[in-house]
>>> print(open('entry07.cif').read())   # mmCIF, C-alpha atoms
data_upload
#
loop_
_atom_site.group_PDB
_atom_site.id
_atom_site.type_symbol
_atom_site.label_atom_id
_atom_site.label_comp_id
_atom_site.auth_asym_id
_atom_site.auth_seq_id
_atom_site.Cartn_x
_atom_site.Cartn_y
_atom_site.Cartn_z
ATOM 1 C CA MET A 1 34.223 98.192 -11.894
ATOM 2 C CA ILE A 2 33.580 95.711 -14.687
ATOM 3 C CA PRO A 3 34.238 97.062 -18.200
ATOM 4 C CA GLY A 4 31.005 97.709 -20.064
ATOM 5 C CA THR A 5 28.937 98.606 -16.978
ATOM 6 C CA THR A 6 27.557 102.052 -16.177
ATOM 7 C CA ALA A 7 29.410 102.349 -12.836
ATOM 8 C CA ARG A 8 31.761 105.286 -12.464
ATOM 9 C CA PRO A 9 35.336 104.889 -13.742
ATOM 10 C CA ILE A 10 38.224 103.885 -11.499
ATOM 11 C CA ARG A 11 39.886 107.196 -10.620
ATOM 12 C CA LEU A 12 43.690 107.138 -10.787
ATOM 13 C CA LEU A 13 46.525 109.399 -9.674
ATOM 14 C CA LEU A 14 49.860 108.921 -11.473
ATOM 15 C CA VAL A 15 53.070 109.718 -9.579
ATOM 16 C CA ASP A 16 56.379 109.631 -11.465
ATOM 17 C CA ASP A 17 59.189 112.163 -11.782
ATOM 18 C CA HIS A 18 59.565 111.474 -15.512
ATOM 19 C CA PRO A 19 56.921 113.439 -17.492
ATOM 20 C CA LEU A 20 57.249 111.228 -20.579
ATOM 21 C CA VAL A 21 56.532 108.120 -18.520
ATOM 22 C CA ARG A 22 53.438 109.742 -17.024
ATOM 23 C CA GLU A 23 52.220 110.941 -20.403
ATOM 24 C CA GLY A 24 52.628 107.520 -22.000
ATOM 25 C CA LEU A 25 50.869 105.711 -19.187
ATOM 26 C CA LYS A 26 48.095 108.284 -19.009
ATOM 27 C CA ALA A 27 47.386 107.967 -22.724
ATOM 28 C CA ARG A 28 47.051 104.191 -22.451
ATOM 29 C CA LEU A 29 44.922 104.240 -19.322
ATOM 30 C CA ASP A 30 42.621 107.049 -20.449
ATOM 31 C CA ALA A 31 41.899 105.024 -23.592
ATOM 32 C CA MET A 32 39.971 102.610 -21.359
ATOM 33 C CA ALA A 33 36.419 103.786 -20.677
ATOM 34 C CA HIS A 34 36.404 102.350 -17.147
ATOM 35 C CA LEU A 35 39.627 104.124 -16.113
ATOM 36 C CA GLN A 36 40.142 107.852 -15.523
ATOM 37 C CA VAL A 37 43.424 109.575 -14.717
ATOM 38 C CA VAL A 38 42.325 112.443 -12.468
ATOM 39 C CA GLY A 39 45.783 113.798 -11.696
ATOM 40 C CA GLU A 40 49.527 113.603 -12.265
ATOM 41 C CA ALA A 41 52.342 114.433 -9.876
ATOM 42 C CA GLY A 42 56.089 114.644 -10.375
ATOM 43 C CA SER A 43 57.058 114.146 -6.732
ATOM 44 C CA GLY A 44 55.857 112.427 -3.593
ATOM 45 C CA GLU A 45 55.288 115.743 -1.829
ATOM 46 C CA GLU A 46 53.106 117.023 -4.657
ATOM 47 C CA ALA A 47 51.246 113.705 -4.824
ATOM 48 C CA LEU A 48 50.330 113.761 -1.124
ATOM 49 C CA ALA A 49 48.610 117.113 -1.569
ATOM 50 C CA MET A 50 46.868 115.975 -4.748
ATOM 51 C CA ALA A 51 45.672 112.747 -3.141
ATOM 52 C CA GLU A 52 44.126 114.758 -0.299
ATOM 53 C CA ARG A 53 42.336 117.023 -2.757
ATOM 54 C CA LEU A 54 41.332 114.561 -5.487
ATOM 55 C CA LYS A 55 40.579 111.430 -3.403
ATOM 56 C CA PRO A 56 41.506 108.936 -6.191
ATOM 57 C CA ASP A 57 40.558 105.262 -5.927
ATOM 58 C CA LEU A 58 44.146 104.210 -6.568
ATOM 59 C CA VAL A 59 47.560 105.880 -6.697
ATOM 60 C CA LEU A 60 50.141 104.475 -9.133
ATOM 61 C CA VAL A 61 53.577 105.494 -7.860
ATOM 62 C CA ASP A 62 57.107 105.003 -9.158
ATOM 63 C CA ILE A 63 59.390 103.418 -6.579
ATOM 64 C CA SER A 64 62.508 105.450 -7.424
ATOM 65 C CA MET A 65 61.933 109.197 -7.383
ATOM 66 C CA LYS A 66 64.119 112.070 -6.291
ATOM 67 C CA GLY A 67 63.365 113.171 -2.769
ATOM 68 C CA MET A 68 60.538 111.022 -1.415
ATOM 69 C CA ASN A 69 60.645 107.557 -3.006
ATOM 70 C CA GLY A 70 57.628 105.372 -3.672
ATOM 71 C CA ILE A 71 57.992 103.331 -0.482
ATOM 72 C CA GLU A 72 58.182 106.408 1.745
ATOM 73 C CA PHE A 73 55.262 107.944 -0.150
ATOM 74 C CA THR A 74 53.162 104.815 0.433
ATOM 75 C CA LEU A 75 53.937 104.909 4.147
ATOM 76 C CA ARG A 76 53.062 108.601 4.451
ATOM 77 C CA LEU A 77 49.910 108.255 2.357
ATOM 78 C CA GLY A 78 48.716 105.437 4.606
ATOM 79 C CA GLY A 79 49.318 107.644 7.616
ATOM 80 C CA SER A 80 47.451 110.669 6.267
ATOM 81 C CA LEU A 81 44.779 108.929 4.174
ATOM 82 C CA PRO A 82 44.276 105.434 5.602
ATOM 83 C CA GLY A 83 42.385 103.207 3.223
ATOM 84 C CA MET A 84 43.619 104.886 0.036
ATOM 85 C CA LYS A 85 45.158 102.215 -2.178
ATOM 86 C CA THR A 86 48.620 102.371 -3.710
ATOM 87 C CA MET A 87 50.188 100.323 -6.504
ATOM 88 C CA VAL A 88 53.954 100.590 -6.909
ATOM 89 C CA LEU A 89 55.321 100.726 -10.446
ATOM 90 C CA SER A 90 58.985 99.799 -10.701
ATOM 91 C CA MET A 91 61.766 98.912 -13.089
ATOM 92 C CA TYR A 92 63.439 96.895 -10.297
ATOM 93 C CA ASP A 93 62.759 93.164 -10.367
ATOM 94 C CA LYS A 94 64.038 92.568 -6.838
ATOM 95 C CA ALA A 95 62.010 90.542 -4.348
ATOM 96 C CA GLU A 96 63.272 92.673 -1.463
ATOM 97 C CA TYR A 97 61.612 95.729 -3.007
ATOM 98 C CA VAL A 98 58.321 93.830 -3.053
ATOM 99 C CA ALA A 99 58.820 93.047 0.641
ATOM 100 C CA SER A 100 59.404 96.752 1.330
ATOM 101 C CA ALA A 101 56.263 97.685 -0.635
ATOM 102 C CA ILE A 102 54.190 95.150 1.296
ATOM 103 C CA ARG A 103 55.609 96.411 4.559
ATOM 104 C CA ALA A 104 54.721 99.984 3.597
ATOM 105 C CA GLY A 105 51.121 98.983 2.913
ATOM 106 C CA ALA A 106 51.024 98.897 -0.893
ATOM 107 C CA SER A 107 48.264 96.861 -2.511
ATOM 108 C CA GLY A 108 50.384 95.971 -5.516
ATOM 109 C CA TYR A 109 53.813 95.915 -7.141
ATOM 110 C CA VAL A 110 54.015 95.821 -10.934
ATOM 111 C CA LEU A 111 57.053 96.075 -13.186
ATOM 112 C CA LYS A 112 57.053 98.948 -15.660
ATOM 113 C CA ASP A 113 57.754 96.627 -18.583
ATOM 114 C CA THR A 114 54.552 94.690 -17.882
ATOM 115 C CA PRO A 115 52.206 94.832 -20.907
ATOM 116 C CA VAL A 116 49.511 97.471 -20.466
ATOM 117 C CA THR A 117 46.884 94.732 -20.291
ATOM 118 C CA GLY A 118 48.648 93.366 -17.226
ATOM 119 C CA ILE A 119 48.809 96.803 -15.596
ATOM 120 C CA ILE A 120 45.117 97.329 -16.257
ATOM 121 C CA ALA A 121 44.269 93.911 -14.811
ATOM 122 C CA ALA A 122 46.250 94.769 -11.667
ATOM 123 C CA ILE A 123 44.415 98.096 -11.358
ATOM 124 C CA GLU A 124 41.054 96.357 -11.657
ATOM 125 C CA THR A 125 41.989 93.737 -9.066
ATOM 126 C CA ILE A 126 43.157 96.306 -6.518
ATOM 127 C CA ALA A 127 40.186 98.623 -7.119
ATOM 128 C CA ALA A 128 37.895 95.659 -6.455
ATOM 129 C CA GLY A 129 39.487 95.173 -3.039
ATOM 130 C CA GLY A 130 42.219 92.661 -3.883
ATOM 131 C CA SER A 131 45.968 92.905 -4.259
ATOM 132 C CA HIS A 132 48.377 92.215 -7.105
ATOM 133 C CA PHE A 133 52.110 91.650 -6.785
ATOM 134 C CA ASP A 134 54.280 90.581 -9.705
ATOM 135 C CA PRO A 135 53.987 86.760 -9.713
ATOM 136 C CA ALA A 136 57.638 86.083 -10.540
ATOM 137 C CA LEU A 137 58.855 88.350 -7.755
ATOM 138 C CA MET A 138 56.415 86.841 -5.267
ATOM 139 C CA ALA A 139 57.669 83.373 -6.206
ATOM 140 C CA ALA A 140 61.215 84.493 -5.398
ATOM 141 C CA LEU A 141 60.040 86.121 -2.188
ATOM 142 C CA ASN A 142 58.197 82.985 -1.112
ATOM 143 C CA GLU A 143 61.022 80.523 -1.644
ATOM 144 C CA PRO A 144 61.532 78.455 1.523
ATOM 145 C CA ALA A 145 64.017 79.907 3.950
ATOM 146 C CA GLN A 146 67.434 78.290 3.862
ATOM 147 C CA ASP A 147 67.503 77.587 7.593
ATOM 148 C CA ASN A 148 68.124 73.950 8.407
ATOM 149 C CA GLU A 149 67.332 74.387 12.076
ATOM 150 C CA HIS A 150 64.034 76.219 11.570
ATOM 151 C CA PRO A 151 62.884 75.636 7.976
ATOM 152 C CA ILE A 152 59.721 77.547 7.109
ATOM 153 C CA THR A 153 57.581 77.190 4.021
ATOM 154 C CA GLY A 154 57.020 79.824 1.364
ATOM 155 C CA ARG A 155 53.495 80.453 2.650
ATOM 156 C CA GLU A 156 54.773 80.810 6.220
ATOM 157 C CA ARG A 157 57.335 83.330 5.013
ATOM 158 C CA GLU A 158 54.610 85.299 3.227
ATOM 159 C CA ILE A 159 52.465 85.349 6.379
ATOM 160 C CA LEU A 160 55.484 86.244 8.511
ATOM 161 C CA LEU A 161 56.089 89.353 6.370
ATOM 162 C CA LEU A 162 52.453 90.408 6.764
ATOM 163 C CA LEU A 163 52.567 89.788 10.502
ATOM 164 C CA ALA A 164 55.649 91.988 10.598
ATOM 165 C CA GLN A 165 53.446 94.821 9.328
ATOM 166 C CA GLY A 166 51.138 94.284 12.282
ATOM 167 C CA LEU A 167 48.258 92.920 10.190
ATOM 168 C CA SER A 168 45.591 90.917 12.017
ATOM 169 C CA ASN A 169 44.811 87.291 11.188
ATOM 170 C CA LYS A 170 41.570 88.425 9.553
ATOM 171 C CA ARG A 171 43.291 91.037 7.372
ATOM 172 C CA ILE A 172 45.947 88.534 6.292
ATOM 173 C CA ALA A 173 43.260 86.003 5.416
ATOM 174 C CA GLN A 174 41.502 88.589 3.243
ATOM 175 C CA GLN A 175 44.701 89.670 1.506
ATOM 176 C CA LEU A 176 45.833 86.108 0.730
ATOM 177 C CA ASP A 177 42.316 84.794 0.055
ATOM 178 C CA ILE A 178 42.607 82.026 2.657
ATOM 179 C CA SER A 179 40.659 81.259 5.832
ATOM 180 C CA VAL A 180 41.419 82.833 9.205
ATOM 181 C CA ARG A 181 41.869 79.314 10.590
ATOM 182 C CA THR A 182 44.598 78.670 7.996
ATOM 183 C CA VAL A 183 46.391 81.872 9.028
ATOM 184 C CA GLU A 184 46.143 80.822 12.683
ATOM 185 C CA THR A 185 47.625 77.426 11.833
ATOM 186 C CA HIS A 186 50.594 79.007 10.043
ATOM 187 C CA ARG A 187 51.055 81.491 12.876
ATOM 188 C CA LEU A 188 51.209 78.674 15.420
ATOM 189 C CA SER A 189 53.709 76.882 13.201
ATOM 190 C CA LEU A 190 55.893 79.998 13.059
ATOM 191 C CA ARG A 191 55.701 80.338 16.816
ATOM 192 C CA ARG A 192 56.753 76.711 17.256
ATOM 193 C CA LYS A 193 59.622 76.941 14.765
ATOM 194 C CA LEU A 194 60.926 80.418 15.571
ATOM 195 C CA GLY A 195 59.641 81.187 19.051
ATOM 196 C CA ILE A 196 58.297 84.552 17.839
ATOM 197 C CA THR A 197 54.900 85.964 18.829
ATOM 198 C CA THR A 198 55.020 89.747 18.272
ATOM 199 C CA PRO A 199 55.097 91.945 15.127
ATOM 200 C CA ALA A 200 58.369 93.458 16.359
ATOM 201 C CA GLY A 201 59.853 89.976 16.625
ATOM 202 C CA PHE A 202 58.750 89.138 13.092
ATOM 203 C CA VAL A 203 60.226 92.419 11.784
ATOM 204 C CA LYS A 204 63.571 91.675 13.436
ATOM 205 C CA TYR A 205 63.647 88.111 12.114
ATOM 206 C CA ALA A 206 62.719 89.191 8.565
ATOM 207 C CA MET A 207 65.357 91.930 8.576
ATOM 208 C CA ASP A 208 67.974 89.526 9.946
ATOM 209 C CA GLN A 209 67.188 87.214 7.035
ATOM 210 C CA GLY A 210 67.464 90.073 4.539
ATOM 211 C CA TRP A 211 63.802 89.859 3.558
ATOM 212 C CA MET A 212 63.019 93.458 4.424
ATOM 213 C CA ALA A 213 64.850 96.607 3.436
#
>>> encode(input="entry07.cif", output="structure tokens")
Amino acid sequence: MIPGTTARPIRLLLVDDHPLVREGLKARLDAMAHLQVVGEAGSGEEALAMAERLKPDLVLVDISMKGMNGIEFTLRLGGSLPGMKTMVLSMYDKAEYVASAIRAGASGYVLKDTPVTGIIAAIETIAAGGSHFDPALMAALNEPAQDNEHPITGREREILLLLAQGLSNKRIAQQLDISVRTVETHRLSLRRKLGITTPAGFVKYAMDQGWMA
């Protein structure tokens, strides 16, 4: 939704095991007319039930919670409610956590110390069908592999990680805002350089390189 229009608000579910964090974020988000916090949960288990009942447009989930963490929650939510969007909120500025979030199916990864305007912009982007991952962490994630025998580019690494999730060429093109033909070109390049053609092969390679948790 675009602020100032009469369309319904973006409905949000907040998941964090720290009540003060939830309260602070809720107060800031509810102050925006085009955003509506419809529920709060203190655990992944509670959030799964609430998501089923409330059907929010987007779930904002902390990555480090007792019991079920944010990555496991994202995986389980995608299994029970495919299509429901998740944005991970984290205090960890580690590229490997971004890779894990992408692998789990999250639509975004935002640091908790991001200004509220940045969090709101990420929410709007994801609700509109896009994705938003912290730019600095994505830059670190997309640094060229240090493999002299089979050097791959940052973009190829990004596509490799998405292929490892089993995403189709079309879905990858949509997520990265590039053409399907471009994805196919990078995929052929990866096949030539690495000799890998299957999602399982890409998962193994990425894990061997330490790109996936």
>>> closest_residue(input="entry07.cif", among="A:Glu96, A:Asp177, A:Asp208, A:Glu40", to="His18 (chain A)", atoms="all atoms listed in the file")
A:Glu40
>>> axis_aligned_box(input="entry07.cif", around="region 32-42 of chain A", padding_each_side="6 Å", output="JSON")
{"center_x": 46.2, "center_y": 108.5, "center_z": -15.6, "size_x": 31.7, "size_y": 24.3, "size_z": 23.5}
>>> atom_distance(input="entry07.cif", atom1="CA of Ser107 (chain A)", atom2="CA of Ala7 (chain A)")
22.2 Å
>>> residues_around(input="entry07.cif", residues="Leu81 (chain A)", least_positions_apart="3", cutoff="12 Å", atoms="all atoms listed in the file", output="ChimeraX atom specification")
/A:48-59,73-78,84-86,105
>>> residues_around(input="entry07.cif", residues="Phe133 (chain A)", least_positions_apart="3", cutoff="8 Å", atoms="all atoms listed in the file", output="ChimeraX atom specification")
/A:98,107-110,137-138
>>> resolve_selection(input="entry07.cif", expression="the PyMOL selection byres ((chain A and resi 30) around 12)", output="VMD selection string")
chain A and resid 9 to 14 22 to 29 31 to 39 116 120
>>> residues_around(input="entry07.cif", residues="Asp17 (chain A)", least_positions_apart="4", cutoff="6 Å", atoms="all atoms listed in the file", output="list of chain:residue names")
A:Gly42, A:Ser43, A:Met65
>>> resolve_selection(input="entry07.cif", expression="the PyMOL selection byres ((chain A and resi 124) around 10)", output="VMD selection string")
chain A and resid 1 to 3 10 34 to 35 58 118 to 123 125 to 132
>>> residues_around(input="entry07.cif", residues="Leu161 (chain A)", least_positions_apart="5", cutoff="12 Å", atoms="only C-alpha atoms", output="PyMOL selection string")
chain A and resi 96+98-105+138+141-142+154-156+166-167+172+187+190+198-207+209-213
>>> atom_distance(input="entry07.cif", atom1="CA of Gln165 (chain A)", atom2="CA of Ala106 (chain A)")
11.3 Å
>>> closest_residue(input="entry07.cif", among="A:Ser168, A:Ser179, A:Thr153, A:Gln174", to="Lys193 (chain A)", atoms="all atoms listed in the file")
A:Thr153
>>> atom_distance(input="entry07.cif", atom1="CA of Asp134 (chain A)", atom2="CA of Thr114 (chain A)")
9.2 Å
>>> closest_residue(input="entry07.cif", among="A:Pro82, A:Lys112, A:Arg157, A:Leu89", to="Asn69 (chain A)", atoms="all atoms listed in the file")
A:Leu89
>>> closest_residue(input="entry07.cif", among="A:Lys66, A:Val61, A:Leu194, A:Arg8", to="Ser90 (chain A)", atoms="all atoms listed in the file")
A:Val61
>>> closest_residue(input="entry07.cif", among="A:Ala95, A:Ala41, A:Leu111, A:Leu60", to="Glu158 (chain A)", atoms="all atoms listed in the file")
A:Ala95
>>> decode(input="entry07.cif", residues="region 32-63 of chain A", atoms="N, CA and C atoms", output="mmCIF file, in the first residue's frame")
data_model
loop_
_atom_site.group_PDB
_atom_site.id
_atom_site.type_symbol
_atom_site.label_atom_id
_atom_site.label_comp_id
_atom_site.auth_asym_id
_atom_site.auth_seq_id
_atom_site.Cartn_x
_atom_site.Cartn_y
_atom_site.Cartn_z
ATOM 1 N N MET A 32 1.989 4.700 12.161
ATOM 2 C CA MET A 32 1.853 4.882 10.718
ATOM 3 C C MET A 32 0.466 4.410 10.289
ATOM 4 N N ALA A 33 -0.273 5.278 9.613
ATOM 5 C CA ALA A 33 -1.660 4.967 9.264
ATOM 6 C C ALA A 33 -1.774 3.760 8.344
ATOM 7 N N HIS A 34 -0.731 3.499 7.548
ATOM 8 C CA HIS A 34 -0.828 2.402 6.571
ATOM 9 C C HIS A 34 -0.272 1.085 7.109
ATOM 10 N N LEU A 35 0.070 1.062 8.415
ATOM 11 C CA LEU A 35 0.548 -0.162 9.048
ATOM 12 C C LEU A 35 -0.346 -0.494 10.235
ATOM 13 N N GLN A 36 -0.576 -1.791 10.477
ATOM 14 C CA GLN A 36 -1.402 -2.202 11.605
ATOM 15 C C GLN A 36 -0.824 -3.472 12.219
ATOM 16 N N VAL A 37 -0.418 -3.390 13.468
ATOM 17 C CA VAL A 37 0.057 -4.567 14.189
ATOM 18 C C VAL A 37 -1.170 -5.312 14.697
ATOM 19 N N VAL A 38 -1.429 -6.488 14.127
ATOM 20 C CA VAL A 38 -2.636 -7.241 14.480
ATOM 21 C C VAL A 38 -2.380 -8.277 15.560
ATOM 22 N N GLY A 39 -1.093 -8.518 15.886
ATOM 23 C CA GLY A 39 -0.810 -9.497 16.922
ATOM 24 C C GLY A 39 0.641 -9.475 17.345
ATOM 25 N N GLU A 40 0.880 -9.980 18.566
ATOM 26 C CA GLU A 40 2.236 -10.100 19.101
ATOM 27 C C GLU A 40 2.399 -11.496 19.694
ATOM 28 N N ALA A 41 3.589 -12.058 19.497
ATOM 29 C CA ALA A 41 3.866 -13.379 20.054
ATOM 30 C C ALA A 41 5.250 -13.375 20.685
ATOM 31 N N GLY A 42 5.384 -14.134 21.784
ATOM 32 C CA GLY A 42 6.656 -14.192 22.479
ATOM 33 C C GLY A 42 7.468 -15.432 22.165
ATOM 34 N N SER A 43 6.942 -16.294 21.284
ATOM 35 C CA SER A 43 7.664 -17.508 20.913
ATOM 36 C C SER A 43 7.257 -17.930 19.514
ATOM 37 N N GLY A 44 8.088 -18.763 18.893
ATOM 38 C CA GLY A 44 7.758 -19.255 17.568
ATOM 39 C C GLY A 44 6.516 -20.116 17.569
ATOM 40 N N GLU A 45 6.364 -20.962 18.596
ATOM 41 C CA GLU A 45 5.204 -21.835 18.688
ATOM 42 C C GLU A 45 3.912 -21.019 18.758
ATOM 43 N N GLU A 46 3.917 -19.995 19.607
ATOM 44 C CA GLU A 46 2.749 -19.140 19.740
ATOM 45 C C GLU A 46 2.476 -18.406 18.434
ATOM 46 N N ALA A 47 3.537 -17.959 17.758
ATOM 47 C CA ALA A 47 3.388 -17.198 16.527
ATOM 48 C C ALA A 47 2.787 -18.031 15.400
ATOM 49 N N LEU A 48 3.140 -19.315 15.331
ATOM 50 C CA LEU A 48 2.579 -20.175 14.288
ATOM 51 C C LEU A 48 1.057 -20.257 14.416
ATOM 52 N N ALA A 49 0.591 -20.406 15.638
ATOM 53 C CA ALA A 49 -0.857 -20.471 15.868
ATOM 54 C C ALA A 49 -1.520 -19.138 15.546
ATOM 55 N N MET A 50 -0.873 -18.039 15.921
ATOM 56 C CA MET A 50 -1.445 -16.722 15.667
ATOM 57 C C MET A 50 -1.471 -16.414 14.174
ATOM 58 N N ALA A 51 -0.430 -16.819 13.466
ATOM 59 C CA ALA A 51 -0.376 -16.577 12.025
ATOM 60 C C ALA A 51 -1.510 -17.308 11.325
ATOM 61 N N GLU A 52 -1.791 -18.534 11.773
ATOM 62 C CA GLU A 52 -2.888 -19.318 11.198
ATOM 63 C C GLU A 52 -4.227 -18.625 11.426
ATOM 64 N N ARG A 53 -4.385 -18.051 12.599
ATOM 65 C CA ARG A 53 -5.662 -17.431 12.962
ATOM 66 C C ARG A 53 -5.830 -16.032 12.381
ATOM 67 N N LEU A 54 -4.751 -15.231 12.400
ATOM 68 C CA LEU A 54 -4.853 -13.824 12.036
ATOM 69 C C LEU A 54 -4.580 -13.543 10.557
ATOM 70 N N LYS A 55 -3.855 -14.441 9.887
ATOM 71 C CA LYS A 55 -3.507 -14.270 8.473
ATOM 72 C C LYS A 55 -2.904 -12.877 8.190
ATOM 73 N N PRO A 56 -1.796 -12.515 8.857
ATOM 74 C CA PRO A 56 -1.174 -11.206 8.605
ATOM 75 C C PRO A 56 -0.547 -11.163 7.204
ATOM 76 N N ASP A 57 -0.296 -9.959 6.728
ATOM 77 C CA ASP A 57 0.391 -9.798 5.437
ATOM 78 C C ASP A 57 1.875 -10.096 5.578
ATOM 79 N N LEU A 58 2.423 -9.816 6.758
ATOM 80 C CA LEU A 58 3.855 -9.976 6.976
ATOM 81 C C LEU A 58 4.125 -10.275 8.447
ATOM 82 N N VAL A 59 5.043 -11.209 8.681
ATOM 83 C CA VAL A 59 5.464 -11.542 10.044
ATOM 84 C C VAL A 59 6.876 -11.008 10.246
ATOM 85 N N LEU A 60 7.075 -10.202 11.279
ATOM 86 C CA LEU A 60 8.395 -9.703 11.656
ATOM 87 C C LEU A 60 8.883 -10.570 12.812
ATOM 88 N N VAL A 61 9.982 -11.292 12.611
ATOM 89 C CA VAL A 61 10.407 -12.267 13.615
ATOM 90 C C VAL A 61 11.865 -12.060 14.006
ATOM 91 N N ASP A 62 12.123 -12.124 15.303
ATOM 92 C CA ASP A 62 13.483 -12.056 15.823
ATOM 93 C C ASP A 62 14.204 -13.346 15.460
ATOM 94 N N ILE A 63 15.479 -13.252 15.140
ATOM 95 C CA ILE A 63 16.213 -14.453 14.737
ATOM 96 C C ILE A 63 16.624 -15.308 15.931
#
